[in-house]
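Quick look at entry_28.txt (compact mmCIF, C-alpha atoms):
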```txt
# COMPACT_ATOMS: atom_id res chain seq x y z
CA MET A 1 -9.02 23.96 -27.83
CA THR A 2 -12.43 25.44 -28.60
CA GLY A 3 -11.09 28.37 -30.59
CA ASN A 4 -12.52 30.98 -28.21
CA ALA A 5 -11.21 32.48 -24.98
CA LEU A 6 -14.40 32.01 -22.97
CA TRP A 7 -14.40 29.20 -20.41
CA PRO A 8 -18.14 28.82 -19.63
CA TYR A 9 -19.54 27.25 -16.46
CA LEU A 10 -20.41 23.55 -16.44
CA VAL A 11 -20.03 23.07 -20.20
CA SER A 12 -17.92 20.10 -21.22
CA PRO A 13 -14.85 20.96 -23.32
CA GLU A 14 -16.27 19.26 -26.41
CA ASP A 15 -19.37 21.49 -26.28
CA GLN A 16 -17.55 24.79 -25.73
CA GLY A 17 -17.55 27.12 -28.70
CA ARG A 18 -20.79 25.78 -30.21
CA ASP A 19 -22.99 28.46 -31.79
CA ASP A 20 -26.21 26.67 -30.75
CA LEU A 21 -25.14 27.25 -27.12
CA CYS A 22 -24.12 30.89 -27.64
CA ALA A 23 -26.97 33.32 -26.94
CA VAL A 24 -26.91 36.64 -28.78
CA SER A 25 -30.09 38.37 -27.56
CA ALA A 26 -33.27 37.88 -25.58
CA SER A 27 -36.66 39.58 -25.48
CA GLY A 28 -39.84 38.76 -23.63
CA HIS A 29 -39.72 35.00 -23.15
CA ARG A 30 -37.50 34.14 -26.09
CA VAL A 31 -33.74 33.72 -26.50
CA ARG A 32 -31.92 34.01 -29.83
CA PHE A 33 -28.75 32.00 -30.50
CA ALA A 34 -25.78 32.42 -32.81
CA ASP A 35 -26.95 29.52 -34.98
CA GLY A 36 -30.18 31.42 -35.73
CA ALA A 37 -32.46 29.46 -33.39
CA ASP A 38 -35.19 31.47 -31.62
CA LEU A 39 -36.32 29.47 -28.57
CA LEU A 40 -38.95 29.81 -25.86
CA CYS A 41 -37.23 30.02 -22.48
CA GLY A 42 -38.77 27.51 -20.08
CA THR A 43 -36.25 28.13 -17.29
CA SER A 44 -36.83 31.84 -16.54
CA GLY A 45 -33.13 32.21 -17.29
CA LEU A 46 -32.13 29.81 -14.48
CA TRP A 47 -34.94 31.13 -12.25
CA ASN A 48 -33.64 34.71 -12.67
CA VAL A 49 -35.88 36.35 -15.25
CA ASN A 50 -39.30 36.16 -13.59
CA LEU A 51 -40.61 39.18 -15.52
CA GLY A 52 -39.27 38.25 -18.95
CA TYR A 53 -36.19 39.50 -20.76
CA GLY A 54 -35.60 43.13 -21.65
CA ASN A 55 -37.89 44.83 -19.12
CA ALA A 56 -37.55 48.49 -20.07
CA ALA A 57 -38.24 49.99 -16.63
CA ILE A 58 -35.52 47.90 -14.98
CA ALA A 59 -33.06 48.69 -17.79
CA ASP A 60 -33.80 52.42 -17.48
CA ALA A 61 -33.30 52.35 -13.70
CA ILE A 62 -29.93 50.63 -14.12
CA ALA A 63 -28.85 53.13 -16.79
CA ALA A 64 -29.83 56.11 -14.64
CA ALA A 65 -27.95 54.75 -11.62
CA ALA A 66 -24.89 54.02 -13.75
CA ARG A 67 -24.89 57.66 -14.93
CA ASP A 68 -25.75 59.34 -11.63
CA ALA A 69 -24.07 57.10 -9.06
CA SER A 70 -21.55 54.97 -10.99
CA TYR A 71 -19.83 52.93 -8.27
CA LEU A 72 -21.21 53.67 -4.83
CA THR A 73 -20.67 50.90 -2.32
CA VAL A 74 -21.67 49.53 1.08
CA PHE A 75 -18.07 48.46 1.81
CA ARG A 76 -17.22 50.68 4.84
CA TYR A 77 -19.79 53.20 3.53
CA GLU A 78 -23.49 53.36 2.78
CA ASN A 79 -25.33 54.66 -0.26
CA ARG A 80 -28.82 56.08 -0.45
CA THR A 81 -30.09 53.64 -3.06
CA ALA A 82 -28.97 50.69 -0.94
CA ARG A 83 -30.79 52.15 2.06
CA SER A 84 -33.98 52.45 0.00
CA ALA A 85 -33.66 48.94 -1.43
CA ALA A 86 -33.10 47.44 2.02
CA GLU A 87 -36.18 49.20 3.39
CA ALA A 88 -38.24 48.00 0.43
CA LEU A 89 -37.11 44.40 0.90
CA VAL A 90 -38.00 44.46 4.61
CA ARG A 91 -41.48 45.77 3.70
CA VAL A 92 -42.23 43.03 1.14
CA CYS A 93 -40.66 40.23 3.16
CA GLY A 94 -42.51 41.26 6.32
CA PRO A 95 -41.61 44.13 8.66
CA ASP A 96 -42.82 42.18 11.70
CA ASP A 97 -40.43 39.34 10.91
CA TYR A 98 -37.36 41.07 9.42
CA ALA A 99 -35.32 44.13 10.28
CA ARG A 100 -32.02 44.35 8.38
CA VAL A 101 -30.59 43.48 4.95
CA ILE A 102 -27.02 42.50 4.07
CA PHE A 103 -26.36 42.77 0.34
CA SER A 104 -24.29 40.19 -1.49
CA THR A 105 -23.51 39.27 -5.09
CA SER A 106 -24.73 35.67 -5.53
CA GLY A 107 -26.73 32.94 -3.87
CA GLY A 108 -23.53 31.05 -3.08
CA ALA A 109 -21.90 34.07 -1.46
CA ALA A 110 -25.11 34.75 0.49
CA ASN A 111 -24.99 31.21 1.86
CA ASP A 112 -21.36 31.78 2.86
CA ALA A 113 -22.37 34.95 4.70
CA ALA A 114 -25.31 33.23 6.41
CA MET A 115 -23.02 30.50 7.75
CA LYS A 116 -20.76 33.13 9.28
CA LEU A 117 -23.75 35.11 10.55
CA ALA A 118 -25.23 32.10 12.36
CA ARG A 119 -21.98 31.14 14.08
CA HIS A 120 -21.21 34.76 15.05
CA TYR A 121 -24.76 35.24 16.42
CA HIS A 122 -24.43 32.29 18.77
CA ALA A 123 -20.95 33.38 19.86
CA LEU A 124 -22.34 36.78 20.81
CA ARG A 125 -24.89 35.00 22.98
CA GLY A 126 -22.19 33.06 24.80
CA ASP A 127 -22.75 29.85 22.87
CA ALA A 128 -19.66 29.62 20.66
CA ALA A 129 -19.86 25.81 20.59
CA ARG A 130 -22.68 26.12 18.05
CA THR A 131 -20.64 25.71 14.87
CA VAL A 132 -22.43 22.87 13.02
CA LEU A 133 -24.60 23.68 9.98
CA VAL A 134 -27.29 21.32 8.74
CA GLY A 135 -28.42 21.06 5.12
CA LEU A 136 -30.56 18.62 3.17
CA ARG A 137 -29.51 15.91 0.75
CA ASN A 138 -30.00 16.85 -2.91
CA SER A 139 -30.05 20.53 -1.95
CA TYR A 140 -28.20 23.20 -3.90
CA HIS A 141 -26.70 26.24 -2.19
CA GLY A 142 -24.08 27.29 -4.72
CA LEU A 143 -20.48 26.40 -5.56
CA THR A 144 -18.54 28.91 -3.44
CA PHE A 145 -16.71 27.08 -0.65
CA GLY A 146 -19.30 27.70 2.06
CA GLY A 147 -22.32 27.15 -0.15
CA PHE A 148 -20.55 24.18 -1.74
CA ALA A 149 -20.15 22.61 1.69
CA LEU A 150 -23.88 23.02 2.36
CA THR A 151 -24.91 21.71 -1.06
CA GLY A 152 -26.32 18.23 -0.61
CA GLU A 153 -25.40 16.84 -4.02
CA ASP A 154 -22.04 15.23 -4.76
CA LEU A 155 -20.63 17.76 -7.20
CA GLY A 156 -16.94 17.19 -6.51
CA GLN A 157 -16.61 18.59 -2.99
CA ARG A 158 -13.92 16.04 -2.10
CA LEU A 159 -11.95 16.75 -5.28
CA TYR A 160 -11.81 20.47 -4.45
CA GLY A 161 -10.99 20.03 -0.77
CA VAL A 162 -14.26 21.53 0.48
CA ASP A 163 -14.36 21.23 4.28
CA GLN A 164 -17.63 19.58 5.33
CA ARG A 165 -16.56 18.49 8.82
CA LEU A 166 -18.98 20.94 10.44
CA VAL A 167 -21.84 20.24 8.01
CA ARG A 168 -24.48 17.54 8.34
CA HIS A 169 -26.87 16.45 5.57
CA LEU A 170 -30.27 14.91 6.20
CA PRO A 171 -32.93 13.46 3.87
CA PRO A 172 -35.55 16.08 2.96
CA ASN A 173 -38.97 15.78 4.60
CA SER A 174 -37.80 13.18 7.13
CA VAL A 175 -38.86 14.33 10.59
CA PRO A 176 -37.35 11.24 12.29
CA HIS A 177 -33.89 11.93 10.83
CA LEU A 178 -34.08 15.59 11.90
CA THR A 179 -35.26 14.69 15.40
CA GLU A 180 -32.56 12.06 15.82
CA LEU A 181 -29.77 14.43 14.76
CA LEU A 182 -30.98 17.16 17.11
CA GLY A 183 -31.24 14.70 19.97
CA ARG A 184 -27.58 13.83 19.37
CA GLU A 185 -26.05 17.20 18.41
CA GLY A 186 -28.72 19.82 19.04
CA ARG A 187 -26.57 21.98 21.31
CA ARG A 188 -23.83 22.21 18.66
CA ILE A 189 -26.06 23.22 15.76
CA ALA A 190 -25.91 26.86 14.70
CA ALA A 191 -28.48 26.71 11.87
CA VAL A 192 -30.54 24.45 9.66
CA VAL A 193 -30.49 25.72 6.07
CA VAL A 194 -33.33 24.62 3.79
CA GLU A 195 -34.78 25.45 0.41
CA PRO A 196 -38.60 25.63 0.70
CA VAL A 197 -38.65 23.86 -2.68
CA GLN A 198 -35.44 22.02 -3.46
CA GLY A 199 -33.89 23.39 -6.62
CA SER A 200 -32.68 19.93 -7.63
CA GLY A 201 -35.87 18.11 -8.55
CA ALA A 202 -38.43 20.76 -7.49
CA VAL A 203 -39.32 18.93 -4.27
CA PRO A 204 -41.37 21.07 -1.83
CA LEU A 205 -40.90 20.70 1.89
CA THR A 206 -44.05 19.23 3.42
CA GLU A 207 -46.20 21.09 5.93
CA GLU A 208 -45.39 18.38 8.48
CA TYR A 209 -41.65 18.83 8.01
CA VAL A 210 -41.78 22.64 8.18
CA GLY A 211 -43.92 22.50 11.31
CA ALA A 212 -41.50 20.10 12.98
CA LEU A 213 -38.48 22.18 11.95
CA LEU A 214 -39.95 25.34 13.47
CA GLU A 215 -41.01 23.55 16.66
CA LEU A 216 -37.56 22.00 17.06
CA ARG A 217 -35.99 25.44 16.53
CA ASP A 218 -37.92 26.70 19.55
CA ARG A 219 -36.80 23.68 21.58
CA TYR A 220 -33.10 23.62 20.64
CA GLY A 221 -32.31 27.27 19.83
CA PHE A 222 -30.72 26.95 16.37
CA LEU A 223 -31.51 29.40 13.56
CA VAL A 224 -33.62 28.47 10.56
CA VAL A 225 -32.19 29.85 7.31
CA ALA A 226 -34.52 29.71 4.31
CA ASP A 227 -32.64 29.72 1.02
CA GLU A 228 -35.25 31.36 -1.23
CA VAL A 229 -32.79 32.05 -4.03
CA ALA A 230 -34.98 29.97 -6.38
CA THR A 231 -38.39 30.35 -4.73
CA GLY A 232 -38.44 34.05 -3.85
CA PHE A 233 -40.16 36.79 -5.84
CA GLY A 234 -43.37 34.96 -6.68
CA ARG A 235 -42.07 31.64 -8.02
CA THR A 236 -44.40 29.49 -5.90
CA GLY A 237 -47.50 31.71 -6.13
CA ASP A 238 -46.67 33.78 -3.03
CA PHE A 239 -44.08 36.54 -2.86
CA LEU A 240 -42.02 34.19 -0.69
CA ALA A 241 -42.57 30.47 -0.32
CA THR A 242 -42.03 30.93 3.43
CA HIS A 243 -45.00 33.30 3.59
CA ARG A 244 -47.01 30.05 3.78
CA TRP A 245 -45.06 28.83 6.80
CA PRO A 246 -46.76 29.06 10.23
CA SER A 247 -43.89 31.25 11.47
CA ALA A 248 -41.00 32.98 9.74
CA PRO A 249 -37.43 31.73 9.41
CA ASP A 250 -34.71 33.71 11.16
CA VAL A 251 -32.79 34.48 7.97
CA LEU A 252 -33.88 34.69 4.33
CA LEU A 253 -31.55 34.36 1.36
CA LEU A 254 -32.63 36.02 -1.89
CA SER A 255 -30.95 36.28 -5.27
CA LYS A 256 -31.74 35.36 -8.92
CA ALA A 257 -35.06 37.22 -9.49
CA LEU A 258 -34.01 39.96 -7.05
CA THR A 259 -32.99 42.14 -10.04
CA ASN A 260 -34.82 40.10 -12.71
CA GLY A 261 -31.41 38.62 -13.47
CA THR A 262 -29.87 41.89 -14.62
CA CYS A 263 -27.18 42.28 -11.93
CA ALA A 264 -25.03 40.01 -9.80
CA ALA A 265 -27.05 40.47 -6.63
CA ALA A 266 -28.22 38.72 -3.48
CA ALA A 267 -29.64 39.73 -0.12
CA ILE A 268 -29.53 38.24 3.36
CA VAL A 269 -32.67 39.42 5.17
CA VAL A 270 -32.32 39.11 8.93
CA SER A 271 -34.82 38.90 11.79
CA PRO A 272 -34.88 41.58 14.53
CA ALA A 273 -33.53 39.11 17.13
CA VAL A 274 -30.50 38.20 15.02
CA ALA A 275 -29.81 41.82 14.08
CA ASP A 276 -30.18 42.98 17.70
CA ALA A 277 -27.49 40.57 18.91
CA PHE A 278 -24.96 42.52 16.83
CA THR A 279 -26.39 45.95 17.64
CA TRP A 280 -26.51 45.44 21.40
CA THR A 281 -22.94 44.13 21.55
CA GLY A 282 -21.53 46.64 19.05
CA SER A 283 -20.22 43.77 16.91
CA THR A 284 -19.28 43.92 13.23
CA LEU A 285 -20.00 40.93 11.02
CA GLY A 286 -16.85 39.80 9.18
CA HIS A 287 -18.31 39.82 5.70
CA ALA A 288 -17.97 42.26 2.78
CA GLU A 289 -18.07 42.12 -1.02
CA THR A 290 -16.71 44.82 -3.30
CA GLN A 291 -19.72 44.71 -5.64
CA GLY A 292 -22.38 44.03 -3.01
CA GLY A 293 -25.12 46.63 -2.60
CA THR A 294 -23.90 49.05 -5.26
CA ALA A 295 -26.24 51.85 -6.32
CA VAL A 296 -26.69 50.24 -9.75
CA THR A 297 -27.66 46.88 -8.26
CA CYS A 298 -30.00 48.42 -5.72
CA ALA A 299 -31.69 50.54 -8.39
CA ALA A 300 -32.40 47.27 -10.20
CA VAL A 301 -33.87 45.80 -6.99
CA LEU A 302 -36.22 48.76 -6.54
CA ALA A 303 -37.29 48.72 -10.18
CA THR A 304 -37.91 44.96 -10.08
CA LEU A 305 -40.14 45.29 -7.03
CA ALA A 306 -42.09 48.09 -8.73
CA GLU A 307 -42.48 46.08 -11.93
CA MET A 308 -43.65 42.99 -10.04
CA ASP A 309 -46.41 45.13 -8.56
CA ARG A 310 -47.32 46.84 -11.85
CA LEU A 311 -47.46 43.57 -13.78
CA GLY A 312 -49.36 41.66 -11.09
CA ALA A 313 -46.62 39.04 -11.27
CA VAL A 314 -47.53 37.10 -8.12
CA ASP A 315 -51.23 36.84 -9.05
CA ASN A 316 -50.29 35.73 -12.55
CA ALA A 317 -47.87 33.17 -11.15
CA ARG A 318 -50.67 31.74 -9.05
CA LYS A 319 -52.92 31.38 -12.11
CA LEU A 320 -50.14 29.83 -14.20
CA GLY A 321 -49.32 27.50 -11.32
CA ASP A 322 -52.93 26.36 -11.07
CA ARG A 323 -52.98 25.57 -14.78
CA LEU A 324 -49.66 23.72 -14.60
CA ALA A 325 -50.90 21.69 -11.63
CA ALA A 326 -54.01 20.74 -13.60
CA GLU A 327 -52.04 19.88 -16.75
CA LEU A 328 -49.61 17.72 -14.77
CA ALA A 329 -52.15 16.08 -12.44
CA ASP A 330 -51.97 12.93 -14.57
CA PRO A 331 -48.33 12.87 -15.75
CA SER A 332 -48.96 10.36 -18.53
CA THR A 333 -51.32 12.77 -20.27
CA LEU A 334 -48.35 15.09 -20.85
CA HIS A 335 -46.34 12.22 -22.32
CA PRO A 336 -46.02 8.46 -21.75
CA LEU A 337 -42.35 8.89 -20.78
CA VAL A 338 -43.32 11.06 -17.79
CA THR A 339 -43.58 8.84 -14.70
CA GLY A 340 -44.04 11.47 -12.02
CA VAL A 341 -44.06 15.17 -11.23
CA THR A 342 -43.12 17.29 -8.23
CA GLY A 343 -43.44 20.99 -7.66
CA ILE A 344 -45.63 23.97 -6.96
CA GLY A 345 -46.56 27.23 -8.67
CA CYS A 346 -44.24 27.93 -11.61
CA PHE A 347 -41.61 25.43 -10.47
CA TRP A 348 -42.00 21.78 -11.57
CA GLY A 349 -39.85 18.72 -12.09
CA LEU A 350 -40.72 15.88 -14.46
CA ARG A 351 -39.32 12.42 -13.75
CA LEU A 352 -38.88 10.37 -16.90
CA ARG A 353 -38.37 6.79 -18.01
CA THR A 354 -36.44 5.51 -20.98
CA PRO A 355 -38.30 4.26 -24.06
CA GLY A 356 -37.46 0.77 -22.77
CA GLY A 357 -39.26 1.39 -19.47
CA GLY A 358 -36.44 1.93 -16.95
CA GLU A 359 -35.79 5.09 -14.94
CA LEU A 360 -33.97 7.64 -17.06
CA PRO A 361 -30.24 7.49 -16.27
CA GLN A 362 -28.67 10.83 -15.42
CA THR A 363 -26.33 10.33 -18.37
CA GLU A 364 -29.37 10.50 -20.68
CA VAL A 365 -30.81 13.75 -19.28
CA GLY A 366 -28.66 15.87 -21.60
CA ARG A 367 -30.08 14.05 -24.63
CA VAL A 368 -33.62 14.78 -23.45
CA VAL A 369 -32.84 18.47 -22.88
CA HIS A 370 -31.32 18.60 -26.37
CA ALA A 371 -34.38 16.93 -27.93
CA ILE A 372 -36.74 19.43 -26.29
CA ARG A 373 -34.46 22.24 -27.38
CA ARG A 374 -34.68 21.03 -30.98
CA ALA A 375 -38.48 21.21 -30.55
CA GLY A 376 -38.12 24.91 -29.75
CA VAL A 377 -38.02 25.07 -25.95
CA ILE A 378 -35.24 25.52 -23.37
CA VAL A 379 -35.71 23.39 -20.23
CA HIS A 380 -33.44 22.73 -17.27
CA PRO A 381 -31.97 19.31 -16.46
CA GLY A 382 -33.12 17.65 -13.25
CA PRO A 383 -32.71 14.34 -11.41
CA ALA A 384 -33.75 11.63 -13.89
CA GLY A 385 -35.69 14.21 -15.86
CA VAL A 386 -36.18 17.88 -16.60
CA GLN A 387 -37.53 20.97 -14.87
CA LEU A 388 -40.10 23.49 -16.09
CA VAL A 389 -39.64 27.00 -14.69
CA PRO A 390 -41.77 29.42 -16.73
CA ALA A 391 -41.59 33.17 -16.26
CA LEU A 392 -44.33 34.67 -14.11
CA THR A 393 -45.38 36.84 -17.07
CA TYR A 394 -46.09 33.93 -19.42
CA THR A 395 -49.38 34.09 -21.30
CA ASP A 396 -51.61 31.05 -21.69
CA ALA A 397 -50.25 30.75 -25.23
CA ASP A 398 -46.67 30.70 -23.91
CA LEU A 399 -47.54 27.95 -21.45
CA SER A 400 -49.20 25.91 -24.21
CA GLU A 401 -46.09 26.34 -26.36
CA LEU A 402 -43.90 25.17 -23.46
CA LEU A 403 -45.92 22.00 -22.88
CA ASP A 404 -46.23 21.27 -26.59
CA GLY A 405 -42.47 21.65 -27.04
CA VAL A 406 -41.85 19.21 -24.19
CA ARG A 407 -44.22 16.68 -25.77
CA ARG A 408 -42.63 16.96 -29.21
CA GLY A 409 -39.13 16.75 -27.76
CA LEU A 410 -40.00 13.62 -25.78
CA ASP A 411 -41.57 12.14 -28.91
CA ALA A 412 -38.28 12.70 -30.76
CA TYR A 413 -36.27 11.20 -27.90
CA ALA A 414 -38.55 8.16 -27.79
CA ARG A 415 -38.14 7.65 -31.55
CA GLY A 416 -34.39 8.10 -31.35
CA THR A 417 -34.52 11.08 -33.71
CA ASP A 418 -33.24 13.64 -31.18
CA SER A 419 -29.69 14.05 -32.53
```

Go ahead and express the file in the form of structure tokens.
Amino acid sequence: MTGNALWPYLVSPEDQGRDDLCAVSASGHRVRFADGADLLCGTSGLWNVNLGYGNAAIADAIAAAARDASYLTVFRYENRTARSAAEALVRVCGPDDYARVIFSTSGGAANDAAMKLARHYHALRGDAARTVLVGLRNSYHGLTFGGFALTGEDLGQRLYGVDQRLVRHLPPNSVPHLTELLGREGRRIAAVVVEPVQGSGAVPLTEEYVGALLELRDRYGFLVVADEVATGFGRTGDFLATHRWPSAPDVLLLSKALTNGTCAAAAIVVSPAVADAFTWTGSTLGHAETQGGTAVTCAAVLATLAEMDRLGAVDNARKLGDRLAAELADPSTLHPLVTGVTGIGCFWGLRLRTPGGGELPQTEVGRVVHAIRRAGVIVHPGPAGVQLVPALTYTDADLSELLDGVRRGLDAYARGTDS
């Protein structure tokens, strides 16, 4: 037993209860831990805290809504703050491309809802045979049962009895694999669900792949669902990563930075054509969440959008991304253990080798993360390496501190002095 009642996510039993893993406060871009460590956050709080910790305007908006509205829901009702937040999200996502917003409580739950939405949409159009969902290998769509089925990493789906019989997984950025699957099952496919930049490894979809996906959508009639849980709200240097696509997806999934990480929140943003199928047939989507779209959550959404504009977060993300791209253009200049980089904007993955020269085993990634942490910086584990996900409000000094901490941590790992 760890001696405390908390059962944290994805922490091995032997590491539970450790004070160096127990955060006590956070401000700006720093997190303070129970062991006294004060560390620079290089993960944006798991991609959530794009504007830094402790944003006063967002906190004040949440407090006011908690006083004035307490619990107002969108479960068989509406509330005014949710109406305003939905309208604001349609405006920033693109009013020519999107019409309606379904609120949810997490990226995983939003993926669950999108799977139901896609199948229901095709049924309303007389095409109920379209029940197959397509995801990408090494993708991450959450650990709820629907999102878990779509997730393209082996994270124990078989152990937990997750039903993947109506899910197909393809290699990312492989047009031939996509074309072959559609040629075989195209009339059964309800939707293809993709992350514009895969959260596992920070691998962007190529222009060629996106173009082919959108062209094949027009040919075969499936929906394209863009999971922008990690990439939305400025992460890639545009408000949405899909704003760079030649045409819009049919459904957007947003979460994480939607409230700057302050509330359990997600949004499914739906195209006019998809929304109209339900309106014209008078059909009700079979999805609801008790805490989805509450007044408190939606006040946080509105305040986050306002703060992004006030702080010039997207422009700053673009500048930070340009500097990161320049710093990482020759990976070995960051550190000799870095063998390759992938990413865009403020979202990068570093692939590493061992001091002996081989590819870093996944079992060693935790040691590397720990070594960088001891050098003063929190980074996120990735495939055979680590991920750098700085807040969009970083200064140049913050970015220098991040890169210096990575270098010093890798030095310690290489010397074997990381414990």

Please provide the set of residues having any atom within 9 Å of segment 238-247 of chain A, restricted to only C-alpha atoms, with same-chain residues fewer than 4 positions apart removed, written as a PDB file with C-alpha atoms, in the frame of the given file.
```
ATOM      1  CA  VAL A  92     -42.230  43.030   1.140  1.00  0.00           C
ATOM      2  CA  CYS A  93     -40.660  40.230   3.160  1.00  0.00           C
ATOM      3  CA  GLY A  94     -42.510  41.260   6.320  1.00  0.00           C
ATOM      4  CA  ASP A  97     -40.430  39.340  10.910  1.00  0.00           C
ATOM      5  CA  PRO A 196     -38.600  25.630   0.700  1.00  0.00           C
ATOM      6  CA  VAL A 197     -38.650  23.860  -2.680  1.00  0.00           C
ATOM      7  CA  GLU A 207     -46.200  21.090   5.930  1.00  0.00           C
ATOM      8  CA  VAL A 210     -41.780  22.640   8.180  1.00  0.00           C
ATOM      9  CA  GLY A 211     -43.920  22.500  11.310  1.00  0.00           C
ATOM     10  CA  LEU A 214     -39.950  25.340  13.470  1.00  0.00           C
ATOM     11  CA  ALA A 226     -34.520  29.710   4.310  1.00  0.00           C
ATOM     12  CA  GLU A 228     -35.250  31.360  -1.230  1.00  0.00           C
ATOM     13  CA  THR A 231     -38.390  30.350  -4.730  1.00  0.00           C
ATOM     14  CA  GLY A 232     -38.440  34.050  -3.850  1.00  0.00           C
ATOM     15  CA  PHE A 233     -40.160  36.790  -5.840  1.00  0.00           C
ATOM     16  CA  GLY A 234     -43.370  34.960  -6.680  1.00  0.00           C
ATOM     17  CA  VAL A 314     -47.530  37.100  -8.120  1.00  0.00           C
ATOM     18  CA  ASP A 315     -51.230  36.840  -9.050  1.00  0.00           C
ATOM     19  CA  ALA A 317     -47.870  33.170 -11.150  1.00  0.00           C
ATOM     20  CA  ARG A 318     -50.670  31.740  -9.050  1.00  0.00           C
ATOM     21  CA  GLY A 345     -46.560  27.230  -8.670  1.00  0.00           C
TER      22      GLY A 345
END
```

At a cut-off of 9 Å, using only C-alpha atoms, what residues contact Thr131 of chain A? Leave out same-chain residues fewer than 4 positions from it and give the result as a short mmCIF file (atom, residue, chain, number, x, y, z; two decimals) with C-alpha atoms, in the coordinates of the input.
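Saved the output as part-v4.cif:
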```
data_model
loop_
_atom_site.label_atom_id
_atom_site.label_comp_id
_atom_site.auth_asym_id
_atom_site.auth_seq_id
_atom_site.Cartn_x
_atom_site.Cartn_y
_atom_site.Cartn_z
CA MET A 115 -23.02 30.50 7.75
CA ALA A 118 -25.23 32.10 12.36
CA ARG A 119 -21.98 31.14 14.08
CA HIS A 122 -24.43 32.29 18.77
CA LEU A 166 -18.98 20.94 10.44
CA VAL A 167 -21.84 20.24 8.01
CA ARG A 188 -23.83 22.21 18.66
CA ILE A 189 -26.06 23.22 15.76
CA ALA A 190 -25.91 26.86 14.70
CA ALA A 191 -28.48 26.71 11.87
#
```

Gap from atom CA of Thr179 of chain A to atom CA of Leu223 of chain A - Å, one decimal |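 Separation between atom CA of Thr179 of chain A and atom CA of Leu223 of chain A: 15.3 Å.
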
Which residue gives the smallest distance to Leu352 of chain A among A:Asp396, A:Val162, A:Cys298, A:Gly201, with only C-alpha atoms counted?
->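 Smallest distance to Leu352 of chain A is found for A:Gly201.
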
Work out how far atom CA of Arg219 of chain A is from atom CA of His169 of chain A, in Å to one decimal.
->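 Result for atom CA of His169 of chain A versus atom CA of Arg219 of chain A: 20.2 Å, one decimal.
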
Could you check which of A:Leu328, A:Gly42, A:Ala86, A:Leu392 is closest to Thr342 of chain A, using all atoms listed in the file?
-> A:Leu328

Extract, using all atoms listed in the file, all DNA, RNA and protein residues at most 10 Å from Arg415 of chain A, discarding same-chain residues fewer than 5 positions from it, and format them as a PyMOL selection string.
-> chain A and resi 355+409-410
